[in-house]
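Structure data follow from final.cif (mmCIF, N, CA and C atoms):
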```cif
data_protein
loop_
_atom_site.label_atom_id
_atom_site.label_comp_id
_atom_site.auth_asym_id
_atom_site.auth_seq_id
_atom_site.Cartn_x
_atom_site.Cartn_y
_atom_site.Cartn_z
N GLY A 1 5.76 0.70 7.67
CA GLY A 1 4.62 -0.21 7.70
C GLY A 1 4.74 -1.24 8.81
N ARG A 2 3.71 -2.01 8.98
CA ARG A 2 3.73 -3.04 10.01
C ARG A 2 4.40 -4.28 9.44
N TYR A 3 5.33 -4.83 10.18
CA TYR A 3 5.99 -6.03 9.70
C TYR A 3 5.61 -7.20 10.57
N GLY A 4 5.21 -8.26 9.92
CA GLY A 4 4.79 -9.45 10.64
C GLY A 4 5.92 -10.44 10.69
N ASP A 5 5.70 -11.58 10.09
CA ASP A 5 6.61 -12.70 10.19
C ASP A 5 7.86 -12.47 9.35
N GLY A 6 9.00 -12.40 10.01
CA GLY A 6 10.29 -12.33 9.33
C GLY A 6 10.43 -11.22 8.32
N GLY A 7 9.99 -10.01 8.67
CA GLY A 7 10.22 -8.86 7.81
C GLY A 7 9.25 -8.72 6.65
N ARG A 8 8.35 -9.70 6.47
CA ARG A 8 7.35 -9.54 5.40
C ARG A 8 6.23 -8.65 5.92
N LYS A 9 5.70 -7.82 5.04
CA LYS A 9 4.57 -6.98 5.44
C LYS A 9 3.40 -7.90 5.79
N ILE A 10 2.70 -7.56 6.86
CA ILE A 10 1.58 -8.40 7.28
C ILE A 10 0.34 -8.04 6.46
N THR A 11 -0.41 -9.05 6.09
CA THR A 11 -1.63 -8.84 5.30
C THR A 11 -2.83 -8.83 6.25
N PRO A 12 -3.96 -8.28 5.80
CA PRO A 12 -5.16 -8.32 6.65
C PRO A 12 -5.50 -9.74 7.11
N GLY A 13 -5.41 -10.70 6.19
CA GLY A 13 -5.69 -12.10 6.55
C GLY A 13 -4.73 -12.60 7.61
N GLY A 14 -3.47 -12.28 7.45
CA GLY A 14 -2.44 -12.69 8.41
C GLY A 14 -2.69 -12.06 9.77
N TRP A 15 -3.11 -10.81 9.77
CA TRP A 15 -3.39 -10.11 11.03
C TRP A 15 -4.55 -10.77 11.76
N GLU A 16 -5.60 -11.10 11.01
CA GLU A 16 -6.78 -11.74 11.62
C GLU A 16 -6.40 -13.10 12.20
N ARG A 17 -5.58 -13.86 11.46
CA ARG A 17 -5.14 -15.17 11.96
C ARG A 17 -4.32 -15.03 13.23
N ARG A 18 -3.41 -14.04 13.23
CA ARG A 18 -2.51 -13.89 14.37
C ARG A 18 -3.22 -13.40 15.63
N THR A 19 -4.20 -12.51 15.45
CA THR A 19 -4.87 -11.92 16.61
C THR A 19 -6.19 -12.61 16.94
N GLY A 20 -6.71 -13.38 15.99
CA GLY A 20 -8.00 -14.02 16.20
C GLY A 20 -9.13 -13.01 16.21
N GLN A 21 -8.88 -11.84 15.65
CA GLN A 21 -9.88 -10.77 15.66
C GLN A 21 -10.25 -10.40 14.23
N ARG A 22 -11.53 -10.11 13.99
CA ARG A 22 -11.98 -9.74 12.65
C ARG A 22 -11.71 -8.26 12.40
N LEU A 23 -11.36 -7.94 11.17
CA LEU A 23 -11.23 -6.54 10.78
C LEU A 23 -12.54 -6.11 10.16
N ARG A 24 -12.88 -4.85 10.33
CA ARG A 24 -14.13 -4.33 9.77
C ARG A 24 -13.78 -3.36 8.64
N PHE A 25 -14.49 -3.50 7.52
CA PHE A 25 -14.26 -2.65 6.36
C PHE A 25 -15.03 -1.35 6.54
N VAL A 26 -14.34 -0.22 6.36
CA VAL A 26 -14.99 1.08 6.46
C VAL A 26 -14.83 1.80 5.14
N TYR A 27 -15.95 2.01 4.46
CA TYR A 27 -15.91 2.70 3.17
C TYR A 27 -15.90 4.20 3.41
N ARG A 28 -14.99 4.91 2.74
CA ARG A 28 -15.00 6.37 2.81
C ARG A 28 -15.10 6.92 1.40
N ARG A 29 -16.05 7.83 1.22
CA ARG A 29 -16.27 8.40 -0.11
C ARG A 29 -15.02 9.18 -0.53
N ARG A 30 -14.48 9.95 0.39
CA ARG A 30 -13.25 10.72 0.11
C ARG A 30 -12.08 9.98 0.73
N GLY A 31 -11.06 9.78 -0.04
CA GLY A 31 -9.88 9.12 0.49
C GLY A 31 -10.03 7.62 0.49
N PRO A 32 -8.94 6.94 0.81
CA PRO A 32 -8.95 5.47 0.75
C PRO A 32 -9.83 4.86 1.84
N SER A 33 -10.42 3.71 1.56
CA SER A 33 -11.20 2.98 2.55
C SER A 33 -10.25 2.35 3.56
N LEU A 34 -10.82 1.90 4.67
CA LEU A 34 -9.99 1.38 5.75
C LEU A 34 -10.44 -0.01 6.19
N LEU A 35 -9.51 -0.75 6.75
CA LEU A 35 -9.85 -1.95 7.51
C LEU A 35 -9.49 -1.62 8.95
N VAL A 36 -10.47 -1.67 9.83
CA VAL A 36 -10.23 -1.25 11.21
C VAL A 36 -10.41 -2.41 12.18
N ALA A 37 -9.72 -2.30 13.30
CA ALA A 37 -9.88 -3.26 14.39
C ALA A 37 -10.69 -2.56 15.48
N ASP A 38 -11.85 -3.13 15.79
CA ASP A 38 -12.71 -2.55 16.83
C ASP A 38 -12.27 -3.02 18.20
N ARG A 39 -12.67 -2.25 19.21
CA ARG A 39 -12.50 -2.63 20.61
C ARG A 39 -11.06 -2.97 20.96
N MET A 40 -10.16 -2.07 20.51
CA MET A 40 -8.76 -2.19 20.89
C MET A 40 -8.53 -1.28 22.08
N ARG A 41 -7.44 -1.51 22.76
CA ARG A 41 -7.11 -0.72 23.94
C ARG A 41 -5.84 0.07 23.64
N ALA A 42 -5.87 1.37 23.87
CA ALA A 42 -4.66 2.18 23.67
C ALA A 42 -3.70 1.85 24.81
N ARG A 43 -2.47 1.49 24.46
CA ARG A 43 -1.46 1.16 25.48
C ARG A 43 -0.84 2.43 26.01
N THR A 44 -0.68 2.49 27.30
CA THR A 44 0.04 3.62 27.88
C THR A 44 1.49 3.19 28.00
N GLY A 45 2.37 4.12 28.21
CA GLY A 45 3.78 3.76 28.34
C GLY A 45 4.57 4.21 27.13
N LYS A 46 5.87 4.00 27.21
CA LYS A 46 6.79 4.52 26.18
C LYS A 46 6.47 4.01 24.78
N ARG A 47 6.25 2.69 24.65
CA ARG A 47 6.08 2.13 23.31
C ARG A 47 4.75 2.52 22.68
N GLY A 48 3.75 2.76 23.51
CA GLY A 48 2.45 3.15 22.97
C GLY A 48 1.86 2.03 22.13
N GLY A 49 1.07 2.40 21.15
CA GLY A 49 0.46 1.40 20.29
C GLY A 49 -0.86 0.92 20.86
N PHE A 50 -1.29 -0.23 20.38
CA PHE A 50 -2.60 -0.74 20.77
C PHE A 50 -2.50 -2.23 21.03
N SER A 51 -3.35 -2.71 21.91
CA SER A 51 -3.37 -4.15 22.20
C SER A 51 -4.82 -4.60 22.28
N ARG A 52 -4.99 -5.91 22.36
CA ARG A 52 -6.36 -6.43 22.52
C ARG A 52 -6.85 -6.04 23.90
N ALA A 53 -8.12 -5.73 23.98
CA ALA A 53 -8.71 -5.33 25.26
C ALA A 53 -8.86 -6.55 26.15
N SER A 54 -8.70 -6.35 27.44
CA SER A 54 -8.90 -7.44 28.40
C SER A 54 -10.40 -7.73 28.53
N ALA A 55 -10.71 -8.84 29.14
CA ALA A 55 -12.12 -9.22 29.31
C ALA A 55 -12.88 -8.14 30.09
N SER A 56 -12.25 -7.60 31.14
CA SER A 56 -12.94 -6.59 31.96
C SER A 56 -13.15 -5.30 31.17
N ALA A 57 -12.17 -4.95 30.34
CA ALA A 57 -12.32 -3.75 29.52
C ALA A 57 -13.45 -3.95 28.51
N LEU A 58 -13.54 -5.16 27.96
CA LEU A 58 -14.62 -5.44 27.00
C LEU A 58 -15.98 -5.36 27.68
N ARG A 59 -16.05 -5.79 28.94
CA ARG A 59 -17.32 -5.74 29.68
C ARG A 59 -17.74 -4.30 29.92
N THR A 60 -16.81 -3.47 30.41
CA THR A 60 -17.17 -2.09 30.76
C THR A 60 -17.16 -1.18 29.54
N GLY A 61 -16.38 -1.56 28.53
CA GLY A 61 -16.29 -0.72 27.33
C GLY A 61 -15.45 0.53 27.54
N ARG A 62 -14.75 0.59 28.69
CA ARG A 62 -13.95 1.79 28.99
C ARG A 62 -12.61 1.74 28.25
N GLY A 63 -12.22 2.86 27.67
CA GLY A 63 -10.91 2.98 27.03
C GLY A 63 -10.76 2.19 25.74
N LEU A 64 -11.89 1.77 25.16
CA LEU A 64 -11.80 1.00 23.92
C LEU A 64 -11.87 1.94 22.72
N VAL A 65 -11.04 1.64 21.74
CA VAL A 65 -10.99 2.49 20.55
C VAL A 65 -11.04 1.62 19.30
N THR A 66 -11.40 2.25 18.19
CA THR A 66 -11.34 1.59 16.89
C THR A 66 -10.06 2.08 16.22
N VAL A 67 -9.23 1.15 15.76
CA VAL A 67 -7.93 1.51 15.20
C VAL A 67 -7.86 1.13 13.73
N PRO A 68 -7.56 2.10 12.86
CA PRO A 68 -7.34 1.74 11.45
C PRO A 68 -6.07 0.90 11.34
N MET A 69 -6.18 -0.30 10.80
CA MET A 69 -5.02 -1.18 10.69
C MET A 69 -4.45 -1.19 9.27
N PHE A 70 -5.34 -1.09 8.29
CA PHE A 70 -4.91 -1.12 6.89
C PHE A 70 -5.62 -0.03 6.12
N ILE A 71 -4.90 0.63 5.24
CA ILE A 71 -5.49 1.61 4.34
C ILE A 71 -5.56 0.93 2.98
N LEU A 72 -6.74 0.91 2.38
CA LEU A 72 -6.91 0.23 1.10
C LEU A 72 -6.73 1.24 -0.02
N VAL A 73 -5.59 1.15 -0.70
CA VAL A 73 -5.27 2.09 -1.76
C VAL A 73 -5.68 1.48 -3.09
N PRO A 74 -6.52 2.20 -3.86
CA PRO A 74 -6.92 1.65 -5.16
C PRO A 74 -5.68 1.45 -6.03
N GLN A 75 -5.58 0.31 -6.67
CA GLN A 75 -4.43 0.02 -7.51
C GLN A 75 -4.72 0.42 -8.96
N VAL A 76 -3.69 0.85 -9.65
CA VAL A 76 -3.82 1.11 -11.08
C VAL A 76 -4.08 -0.24 -11.74
N THR A 77 -4.99 -0.29 -12.67
CA THR A 77 -5.28 -1.58 -13.31
C THR A 77 -4.07 -2.03 -14.10
N LEU A 78 -3.91 -3.31 -14.22
CA LEU A 78 -2.77 -3.90 -14.89
C LEU A 78 -2.69 -3.43 -16.35
N ALA A 79 -3.84 -3.32 -17.01
CA ALA A 79 -3.87 -2.93 -18.42
C ALA A 79 -3.15 -1.59 -18.61
N LYS A 80 -3.43 -0.63 -17.74
CA LYS A 80 -2.81 0.69 -17.85
C LYS A 80 -1.30 0.58 -17.67
N ARG A 81 -0.88 -0.22 -16.68
CA ARG A 81 0.55 -0.37 -16.41
C ARG A 81 1.24 -1.00 -17.62
N LEU A 82 0.60 -1.98 -18.25
CA LEU A 82 1.19 -2.65 -19.40
C LEU A 82 1.30 -1.70 -20.59
N GLU A 83 0.31 -0.83 -20.74
CA GLU A 83 0.33 0.17 -21.81
C GLU A 83 1.58 1.02 -21.70
N VAL A 84 1.84 1.51 -20.48
CA VAL A 84 3.01 2.35 -20.23
C VAL A 84 4.28 1.56 -20.51
N ALA A 85 4.32 0.32 -20.05
CA ALA A 85 5.49 -0.52 -20.27
C ALA A 85 5.72 -0.71 -21.76
N GLY A 86 4.65 -0.93 -22.51
CA GLY A 86 4.75 -1.11 -23.96
C GLY A 86 5.32 0.11 -24.64
N ALA A 87 4.84 1.28 -24.25
CA ALA A 87 5.32 2.54 -24.83
C ALA A 87 6.81 2.71 -24.50
N ALA A 88 7.19 2.41 -23.29
CA ALA A 88 8.59 2.52 -22.87
C ALA A 88 9.46 1.57 -23.70
N GLU A 89 8.97 0.34 -23.88
CA GLU A 89 9.70 -0.65 -24.68
C GLU A 89 9.96 -0.12 -26.08
N ARG A 90 8.91 0.44 -26.70
CA ARG A 90 9.06 0.94 -28.07
C ARG A 90 10.14 2.01 -28.15
N TRP A 91 10.14 2.92 -27.18
CA TRP A 91 11.15 3.99 -27.19
C TRP A 91 12.54 3.44 -26.95
N VAL A 92 12.64 2.50 -26.01
CA VAL A 92 13.95 1.92 -25.70
C VAL A 92 14.53 1.26 -26.95
N SER A 93 13.69 0.56 -27.70
CA SER A 93 14.20 -0.12 -28.90
C SER A 93 14.63 0.89 -29.96
N ARG A 94 14.06 2.10 -29.95
CA ARG A 94 14.41 3.11 -30.96
C ARG A 94 15.60 3.96 -30.54
N LEU A 95 15.93 3.94 -29.25
CA LEU A 95 16.99 4.83 -28.75
C LEU A 95 18.32 4.69 -29.48
N PRO A 96 18.87 3.49 -29.61
CA PRO A 96 20.18 3.38 -30.24
C PRO A 96 20.22 4.04 -31.63
N SER A 97 19.19 3.80 -32.45
CA SER A 97 19.21 4.37 -33.80
C SER A 97 19.10 5.89 -33.75
N LEU A 98 18.32 6.43 -32.81
CA LEU A 98 18.20 7.89 -32.68
C LEU A 98 19.54 8.48 -32.27
N VAL A 99 20.19 7.83 -31.30
CA VAL A 99 21.48 8.32 -30.81
C VAL A 99 22.50 8.28 -31.95
N VAL A 100 22.56 7.14 -32.63
CA VAL A 100 23.52 6.97 -33.72
C VAL A 100 23.26 7.99 -34.82
N ARG A 101 21.99 8.19 -35.19
CA ARG A 101 21.66 9.13 -36.25
C ARG A 101 22.15 10.53 -35.89
N ASN A 102 21.87 10.96 -34.64
CA ASN A 102 22.28 12.31 -34.23
C ASN A 102 23.79 12.41 -34.13
N TRP A 103 24.40 11.36 -33.69
CA TRP A 103 25.85 11.34 -33.50
C TRP A 103 26.54 11.46 -34.86
N ILE A 104 26.02 10.75 -35.84
CA ILE A 104 26.60 10.78 -37.18
C ILE A 104 26.43 12.16 -37.79
N SER A 105 25.23 12.73 -37.67
CA SER A 105 25.00 14.04 -38.28
C SER A 105 25.83 15.13 -37.58
N ASP A 106 26.20 14.93 -36.32
CA ASP A 106 27.04 15.89 -35.61
C ASP A 106 28.47 15.82 -36.13
N GLU A 107 28.92 14.63 -36.45
CA GLU A 107 30.30 14.39 -36.86
C GLU A 107 30.69 15.28 -38.05
N ASP A 108 29.82 15.32 -39.07
CA ASP A 108 30.22 16.07 -40.27
C ASP A 108 29.68 17.50 -40.22
N GLY A 109 29.15 17.89 -39.06
CA GLY A 109 28.74 19.29 -38.88
C GLY A 109 27.41 19.63 -39.52
N SER A 110 26.82 18.72 -40.30
CA SER A 110 25.51 19.03 -40.90
C SER A 110 24.41 18.47 -40.01
N ARG A 111 23.29 19.16 -39.92
CA ARG A 111 22.16 18.66 -39.08
C ARG A 111 20.96 18.41 -39.92
#
```
Can you give me the file's structure in the form of structure tokens?
Amino acid sequence: GRYGDGGRKITPGGWERRTGQRLRFVYRRRGPSLLVADRMRARTGKRGGFSRASASALRTGRGLVTVPMFILVPQVTLAKRLEVAGAAERWVSRLPSLVVRNWISDEDGSR
């Protein structure tokens, strides 16, 4: 991923503040939606990547591209996650007694 300040992942808001450029939301029916940066310039050279277009490039519009900067992944709702956590908790609390019960019944050979 892209890392901004001191190893923290950069957020869309942080990116806009740092570059002074607005991100545009692109809705896609299939697959995740995107936040894109318009009018970027593809960098040539070993490192590649993209940079802000120069004033002359913006005037002529030559070599300008739209670059997806962020992919918006739908998050599982918290309620669902808590449900799973609750179920896990219930099983964890029952584990010792299940283990002990089976262990005891194994000891005397009866099941």
Exercise. Would you please give, as a list in words, all residues of segment 25-65 of chain A that DSSP assigns to strand (DSSP E) based on the backbone?
Key: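 These are the residues in question: Phe25, Val26, Ser33, Leu34, Leu35, Val36, Ala37, Asp38, Arg39, Met40, Arg41, Ala42, Phe50, Ser51, Arg52, Leu64 and Val65 of chain A.
Nearest-residue note for Met40 of chain A: choosing from A:Thr66, A:Trp15, A:Gly61, A:Phe25, the minimum distance belongs to A:Thr66, counting all atoms listed in the file.
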Self-check item: Distance criterion (all atoms listed in the file): nearest to Val65 of chain A out of A:Glu89, A:Ala42, A:Arg18, A:Arg8
Solution: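 Nearest to Val65 of chain A: A:Ala42.
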If I wrap all listed atoms of segment 7-14 of chain A in a box with edges along x, y and z and add 8 Å on each side, what are its centre and edge lengths in Å to one decimal, as AutoDock Vina command-line options?
```
--center_x 2.3 --center_y -9.8 --center_z 7.4 --size_x 31.9 --size_y 21.7 --size_z 20.7
```
Quiz item: Between atom C of Val67 of chain A and atom CA of Gly48 of chain A, what is the spacing in Å?
Solution: 14.0 Å
Quiz item: Skipping near chain neighbours, those fewer than 3 positions away, what residues fall within 12 Å of Pro68 of chain A using only C-alpha atoms, listed as a list in words?
Solution: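 Contacts, with the query itself left out: Pro12, Leu23, Arg24, Phe25, Val26, Tyr27, Pro32, Ser33, Leu34, Leu35, Val36, Ala37, Asp38, Arg39, Met40, Gly49, Phe50, Val65, Ile71 and Leu72 of chain A.
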